[in-house]
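> One file is attached below, structure_5.txt, containing compact mmCIF, C-alpha atoms.
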# COMPACT_ATOMS: atom_id res chain seq x y z
CA MET A 6 121.50 91.57 128.86
CA GLN A 7 124.72 92.71 127.23
CA SER A 8 127.37 94.05 129.58
CA GLU A 9 130.12 94.74 127.06
CA ALA A 10 130.06 97.36 124.34
CA PRO A 11 129.25 95.81 120.95
CA THR A 12 131.70 96.03 118.10
CA TRP A 13 130.45 97.80 114.99
CA LYS A 14 130.55 94.44 113.23
CA GLU A 15 127.69 93.43 115.52
CA ALA A 16 125.65 96.64 115.66
CA MET A 17 124.89 99.66 113.54
CA ARG A 18 127.56 102.38 113.62
CA PRO A 19 126.92 105.54 115.68
CA LEU A 20 126.51 107.74 112.59
CA ASN A 21 123.52 105.72 111.44
CA TYR A 22 121.66 106.13 114.74
CA GLU A 23 122.02 109.90 114.55
CA VAL A 24 120.85 109.90 110.93
CA MET A 25 117.93 107.63 111.82
CA PHE A 26 116.80 109.88 114.66
CA ASP A 27 116.92 112.88 112.33
CA VAL A 28 115.02 111.41 109.38
CA GLU A 29 112.87 108.41 110.33
CA ASP A 30 109.69 110.42 110.92
CA TYR A 31 109.59 111.73 107.35
CA HIS A 32 112.15 109.97 105.11
CA TRP A 33 110.38 108.01 102.34
CA TRP A 34 112.01 104.70 103.33
CA PHE A 35 110.75 104.77 106.91
CA VAL A 36 107.35 106.19 105.95
CA GLY A 37 106.80 103.43 103.39
CA ARG A 38 108.05 100.68 105.66
CA ARG A 39 105.75 101.83 108.48
CA ALA A 40 102.73 101.86 106.15
CA ILE A 41 103.41 98.25 105.12
CA VAL A 42 104.32 96.99 108.59
CA PHE A 43 101.39 98.54 110.44
CA THR A 44 98.87 97.42 107.83
CA GLN A 45 100.16 93.88 108.38
CA ILE A 46 99.95 94.36 112.15
CA GLU A 47 96.34 95.54 111.87
CA ASP A 48 95.44 92.42 109.91
CA ALA A 49 97.40 90.10 112.19
CA LEU A 50 95.75 91.43 115.32
CA GLY A 51 92.38 91.23 113.60
CA ALA A 52 89.39 90.93 115.88
CA SER A 53 91.49 91.66 118.96
CA LEU A 54 91.35 95.37 118.12
CA GLY A 55 89.14 96.85 120.77
CA ALA A 56 89.53 93.89 123.17
CA HIS A 57 92.02 93.39 125.99
CA ALA A 58 93.18 89.94 124.99
CA SER A 59 95.86 88.19 123.01
CA PRO A 60 95.34 88.38 119.24
CA ARG A 61 93.32 85.67 117.60
CA ALA A 62 95.28 83.71 115.02
CA GLY A 63 92.88 84.15 112.09
CA LEU A 64 93.03 87.09 109.71
CA PRO A 65 90.01 89.33 109.20
CA PRO A 66 87.82 89.28 106.11
CA GLU A 67 88.54 91.75 103.35
CA GLY A 68 87.36 95.26 104.11
CA SER A 69 87.11 94.81 107.88
CA LEU A 70 90.13 97.00 108.54
CA PRO A 71 91.29 100.29 107.06
CA GLU A 72 93.61 100.21 104.06
CA THR A 73 96.12 102.45 105.82
CA PRO A 74 97.44 101.99 109.35
CA HIS A 75 96.47 105.52 110.41
CA ALA A 76 92.88 105.74 109.20
CA GLY A 77 90.36 104.67 111.80
CA THR A 78 92.87 102.74 113.90
CA ARG A 79 91.62 101.94 117.37
CA ALA A 80 93.92 101.98 120.41
CA LEU A 81 94.42 98.69 122.26
CA PRO A 82 96.17 99.62 125.50
CA GLY A 83 96.05 96.10 126.94
CA LEU A 84 98.61 94.52 124.61
CA ARG A 85 102.23 93.95 125.59
CA THR A 86 104.43 94.67 122.60
CA LEU A 87 108.17 94.39 121.93
CA ASP A 88 110.27 96.09 119.29
CA ILE A 89 113.53 94.18 118.83
CA GLY A 90 116.30 96.44 117.60
CA CYS A 91 114.25 99.49 118.51
CA GLY A 92 116.90 101.92 117.28
CA ALA A 93 115.93 105.57 117.67
CA GLY A 94 112.38 104.70 118.77
CA ALA A 95 110.05 105.76 115.94
CA THR A 96 108.43 102.33 115.61
CA MET A 97 107.61 102.33 119.30
CA ASP A 98 105.90 105.71 118.84
CA HIS A 99 103.38 103.92 116.60
CA LEU A 100 103.21 100.72 118.68
CA LYS A 101 101.79 102.82 121.54
CA ARG A 102 98.37 102.60 119.89
CA TYR A 103 98.24 98.93 120.99
CA GLY A 104 99.74 99.29 124.46
CA GLN A 105 102.91 100.42 126.19
CA PRO A 106 105.77 99.12 124.04
CA HIS A 107 109.02 97.61 125.23
CA GLY A 108 112.24 98.02 123.26
CA ILE A 109 115.66 96.38 123.21
CA ASP A 110 118.81 97.22 121.33
CA LEU A 111 122.36 95.92 121.44
CA SER A 112 123.92 99.34 122.03
CA GLU A 113 123.24 102.10 124.53
CA ILE A 114 123.55 104.72 121.77
CA PRO A 115 120.16 104.12 120.10
CA LEU A 116 118.49 103.70 123.48
CA ARG A 117 119.50 107.26 124.31
CA PHE A 118 117.70 108.46 121.19
CA SER A 119 114.64 106.37 122.12
CA ARG A 120 114.59 108.03 125.53
CA LYS A 121 114.54 111.41 123.81
CA ARG A 122 111.21 110.28 122.31
CA GLY A 123 109.89 109.59 125.79
CA HIS A 124 110.22 105.80 125.86
CA ARG A 125 111.19 104.24 129.18
CA ARG A 126 110.63 100.47 128.86
CA LEU A 127 114.03 99.98 127.26
CA MET A 128 116.76 97.42 127.82
CA ARG A 129 120.19 96.90 126.37
CA ALA A 130 120.15 93.28 125.26
CA SER A 131 120.88 90.89 122.44
CA ALA A 132 118.16 89.66 120.11
CA THR A 133 119.53 86.14 120.58
CA GLU A 134 119.21 86.33 124.40
CA LEU A 135 116.02 88.22 125.14
CA PRO A 136 115.75 89.17 128.84
CA PHE A 137 112.05 88.32 129.12
CA ASP A 138 109.96 85.41 130.37
CA SER A 139 108.60 82.91 127.88
CA GLU A 140 105.13 83.62 126.43
CA SER A 141 105.09 87.24 127.60
CA PHE A 142 104.30 89.34 124.48
CA ASP A 143 101.18 89.81 122.35
CA LEU A 144 103.06 91.30 119.41
CA ILE A 145 106.72 91.50 118.38
CA THR A 146 108.31 93.56 115.63
CA ALA A 147 111.81 92.94 114.27
CA LEU A 148 112.34 95.49 111.50
CA ASP A 149 115.66 95.27 109.66
CA VAL A 150 117.16 93.35 112.58
CA VAL A 151 117.50 89.65 111.72
CA GLU A 152 120.08 90.34 109.00
CA HIS A 153 122.43 91.70 111.70
CA LEU A 154 122.55 88.41 113.63
CA ASP A 155 125.34 85.88 113.30
CA ASP A 156 122.76 83.18 114.11
CA ASP A 157 119.46 84.33 112.64
CA VAL A 158 117.60 81.14 113.57
CA LYS A 159 118.59 81.59 117.23
CA GLY A 160 117.20 85.12 117.18
CA LEU A 161 113.96 83.95 115.55
CA ALA A 162 113.72 81.12 118.10
CA GLU A 163 113.89 83.73 120.86
CA ILE A 164 110.97 85.54 119.24
CA HIS A 165 109.08 82.24 119.28
CA ARG A 166 109.93 81.71 122.95
CA VAL A 167 108.70 85.07 124.25
CA LEU A 168 105.54 85.27 122.09
CA LYS A 169 102.28 84.25 123.69
CA PRO A 170 100.54 81.30 122.00
CA GLY A 171 98.72 82.56 118.92
CA ALA A 172 100.53 85.91 118.93
CA PRO A 173 102.13 87.37 115.77
CA ALA A 174 105.57 88.67 114.92
CA VAL A 175 106.19 91.04 112.03
CA ILE A 176 109.64 90.71 110.47
CA PHE A 177 111.20 92.98 107.85
CA VAL A 178 114.55 92.19 106.23
CA PRO A 179 116.59 93.32 103.20
CA ALA A 180 116.28 91.19 100.07
CA PHE A 181 118.68 89.90 97.40
CA GLN A 182 122.42 89.74 97.93
CA SER A 183 122.79 91.41 94.51
CA LEU A 184 121.56 94.63 96.17
CA TRP A 185 124.45 94.64 98.64
CA GLY A 186 125.77 98.19 98.90
CA PRO A 187 127.17 100.96 101.13
CA ASN A 188 124.16 100.96 103.45
CA ASP A 189 124.63 97.25 104.19
CA VAL A 190 128.25 97.92 105.16
CA GLN A 191 127.38 101.01 107.20
CA SER A 192 124.57 99.16 108.99
CA GLY A 193 126.56 96.05 109.85
CA HIS A 194 124.46 93.58 107.87
CA LYS A 195 125.55 89.96 107.68
CA ARG A 196 123.30 88.99 104.76
CA ARG A 197 120.33 89.84 102.55
CA TYR A 198 117.58 87.25 102.02
CA ARG A 199 115.60 85.57 99.32
CA LEU A 200 112.03 84.60 100.14
CA ASP A 201 112.77 80.89 100.57
CA GLU A 202 115.77 81.62 102.80
CA LEU A 203 113.79 83.72 105.24
CA ARG A 204 110.89 81.27 105.24
CA ALA A 205 113.26 78.40 106.05
CA ALA A 206 114.85 80.29 108.94
CA VAL A 207 111.48 81.36 110.40
CA GLU A 208 110.05 77.85 110.21
CA LYS A 209 113.22 76.29 111.63
CA ALA A 210 112.76 78.57 114.65
CA GLY A 211 109.30 77.07 115.24
CA LEU A 212 107.17 79.92 113.91
CA ARG A 213 104.42 79.47 111.35
CA VAL A 214 104.65 81.72 108.29
CA GLU A 215 101.30 83.39 107.72
CA ARG A 216 102.19 86.01 105.12
CA ILE A 217 105.44 86.59 103.28
CA SER A 218 106.28 88.72 100.26
CA TYR A 219 108.88 90.96 98.74
CA ALA A 220 108.29 94.68 99.28
CA ASN A 221 109.49 97.98 97.82
CA PHE A 222 109.02 96.69 94.30
CA ALA A 223 109.16 100.04 92.47
CA MET A 224 112.56 101.06 93.82
CA PHE A 225 114.34 97.78 93.07
CA ILE A 226 116.07 98.91 89.86
CA PRO A 227 116.89 102.49 91.01
CA ILE A 228 118.38 101.21 94.27
CA TRP A 229 120.33 98.47 92.49
CA LEU A 230 121.84 101.02 90.10
CA GLY A 231 122.45 103.59 92.82
CA ARG A 232 124.30 101.17 95.05
CA LYS A 233 126.46 99.93 92.20
CA ILE A 234 127.40 103.52 91.38
CA LEU A 235 128.18 104.38 95.03
CA THR A 236 130.34 101.28 95.31
CA MET A 237 132.19 102.12 92.08
CA LEU A 238 132.80 105.68 93.34
CA GLY A 239 134.19 104.34 96.59
CA ARG A 240 131.57 106.00 98.76
CA ALA A 241 131.11 102.96 100.98
CA GLU A 242 130.93 105.07 104.15
CA GLN A 243 128.06 107.24 102.87
CA ALA A 244 124.87 106.81 104.86
CA GLU A 245 122.21 106.41 102.18
CA ASN A 246 119.50 108.03 104.29
CA ARG A 247 121.32 111.31 103.75
CA ILE A 248 121.02 110.91 99.97
CA ASN A 249 117.56 112.28 99.40
CA HIS A 250 116.32 115.37 97.63
CA PRO A 251 113.38 117.01 99.47
CA ILE A 252 111.40 117.48 96.27
CA ILE A 253 111.17 113.74 95.57
CA ASN A 254 110.80 112.53 99.16
CA ASN A 255 106.98 112.80 99.28
CA LEU A 256 106.63 111.11 95.90
CA LEU A 257 108.84 108.19 96.90
CA ALA A 258 106.99 107.87 100.21
CA LYS A 259 103.66 107.61 98.39
CA ILE A 260 105.02 105.06 95.91
CA PHE A 261 106.43 102.85 98.65
CA SER A 262 103.40 103.28 100.92
CA CYS A 263 100.91 102.32 98.21
CA GLU A 264 102.17 98.73 98.43
CA ALA A 265 100.61 98.44 101.89
CA GLY A 266 97.09 97.82 100.58
CA TRP A 267 98.27 95.48 97.82
CA LEU A 268 100.27 93.31 100.21
CA ARG A 269 97.20 92.64 102.36
CA ARG A 270 95.90 90.25 99.67
CA HIS A 271 98.73 89.72 97.18
CA LYS A 272 102.46 89.19 96.84
CA LEU A 273 105.15 90.98 94.86
CA PRO A 274 107.58 89.01 92.64
CA PHE A 275 110.67 90.88 93.86
CA GLY A 276 111.64 93.93 95.86
CA VAL A 277 114.29 95.60 97.97
CA SER A 278 112.94 94.04 101.19
CA ILE A 279 110.84 91.16 102.52
CA ILE A 280 107.85 91.47 104.86
CA CYS A 281 106.90 88.39 106.88
CA VAL A 282 104.10 87.81 109.38
CA ALA A 283 104.74 84.72 111.49
CA ARG A 284 102.82 83.30 114.41
CA LYS A 285 103.39 81.05 117.39
CA THR A 286 100.80 78.51 116.42
CA GLU A 287 100.38 75.24 114.55
CA GLN A 288 96.72 75.75 113.68
CA TYR A 289 96.68 78.25 110.86
CA GLY A 290 98.12 78.16 107.38
CA GLU A 291 99.97 80.71 105.31
CA ARG A 292 98.19 83.28 103.21
Would you give me this structure, written as structure tokens?

Amino acid sequence: MQSEAPTWKEAMRPLNYEVMFDVEDYHWWFVGRRAIVFTQIEDALGASLGAHASPRAGLPPEGSLPETPHAGTRALPGLRTLDIGCGAGATMDHLKRYGQPHGIDLSEIPLRFSRKRGHRRLMRASATELPFDSESFDLITALDVVEHLDDDVKGLAEIHRVLKPGAPAVIFVPAFQSLWGPNDVQSGHKRRYRLDELRAAVEKAGLRVERISYANFAMFIPIWLGRKILTMLGRAEQAENRINHPIINNLLAKIFSCEAGWLRRHKLPFGVSIICVARKTEQYGER
């Protein structure tokens, strides 16, 4: 567990945690990301829904689970879940459907926001030195976390270590260095990934890639242009989550969220982010 305060080169700046707490329940980016992530979680857990056991490694046949993560989802209180880089706690709100979630973050600041949401299984710790026993979690999420790490493979290897055999991890990272912009600076990112780069890091850590694709396809060009303009205008300190007109928020949320169903069976050729489902197993191949 970390005992010294992180520098803002290592963790997100305080402004971003406050913004995140204010907007992550309704802002189109977080709404869309949740739809994609929790659809992938539903598929990865598969037949374990409704059973108090570790997830099976196979994925369910088409049509056996709802297209959206909120429709017809069954609670699974027996699973032990971990959200790495839990931030202000919204992801853990949704992980509660599978069991009582645990959360870690590098700074005490986001943990305070998570406590405001009622979460108590929280620890201040580094993603590269997880304070948990080996093979202790049924599901791990690392959403926009790995890009913050100086040694991403070490962080992914820690995920491998604490996962139970056959258990999945869902990883979400920013894509394409050409999209580097003010939000990357504000958030303390070290890098953005291409598909082959993330796959190589995940596999080097000992995890088996089961699904991997770009995500947020529709917003690639608008975000690329917007970030170039913000950089040219010298607004590098602007938190992008504040740049959102209420009228278009619901539309953008629906556009981003609609990828969730598509990504269950297909891939996207490019996008603003990458979604990856990896598993601690050597028995099942990628989809």
> As a list in words, please: the residues near region 114-121 of chain A (cut-off 8 Å, all atoms listed in the file, same-chain neighbours under 5 positions excluded).
Pro19, Tyr22, Phe26, Cys91, Gly92, Ala93, Gly94, Ala95, Ile109, Leu127, Met128 and Arg129 of chain A
> Please determine, counting all atoms listed in the file, which residue among A:Phe181, A:Phe222, A:Phe275, A:Phe261 has the shortest atom-to-atom distance to Ala40 (chain A).
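Among the listed residues, the smallest separation from Ala40 (chain A) belongs to A:Phe261.
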> Just checking: using only C-alpha atoms, which residue out of A:Glu134, A:Glu140, A:Glu113, A:Glu208 ends up closest to Val158 (chain A)?
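Ranked by minimum distance to Val158 (chain A), first place goes to A:Glu208.
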> Under the rule that all atoms listed in the file are counted, which of A:Gly108, A:Ser192, A:Ile280, A:Gly171 is the nearest residue to Met25 (chain A)?
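Smallest distance to Met25 (chain A) is found for A:Ser192.
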> Record the distance separating CA of Ile253 (chain A) and CA of Ile279 (chain A), expressed in Å with one decimal.
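These atoms are spaced 23.6 Å apart.
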> Which one of A:Arg39, A:Lys285, A:His271, A:Arg197 sits closest to Ser183 (chain A) if you count all atoms listed in the file?
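The shortest atom-to-atom distance to Ser183 (chain A) comes from A:Arg197.
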> For Ile46 (chain A), which of A:Lys159, A:His165, A:Lys259, A:Arg216 is the closest residue, counting only C-alpha atoms?
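For Ile46 (chain A), the nearest of the candidates is A:Arg216.
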> I'd like to know which of A:Leu273, A:Leu84, A:Leu148, A:Val178 is closest to Arg102 (chain A), using only C-alpha atoms.
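So, comparing all the options, the nearest one is A:Leu84.
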> For Ala174 (chain A), work out the shell of residues within 12 Å, counting all atoms listed in the file and skipping chain neighbours fewer than 3 positions away, then give it as a VMD selection string.
chain A and resid 42 to 43 45 to 50 60 62 86 to 89 142 to 148 161 to 171 177 207 212 to 217 280 to 286
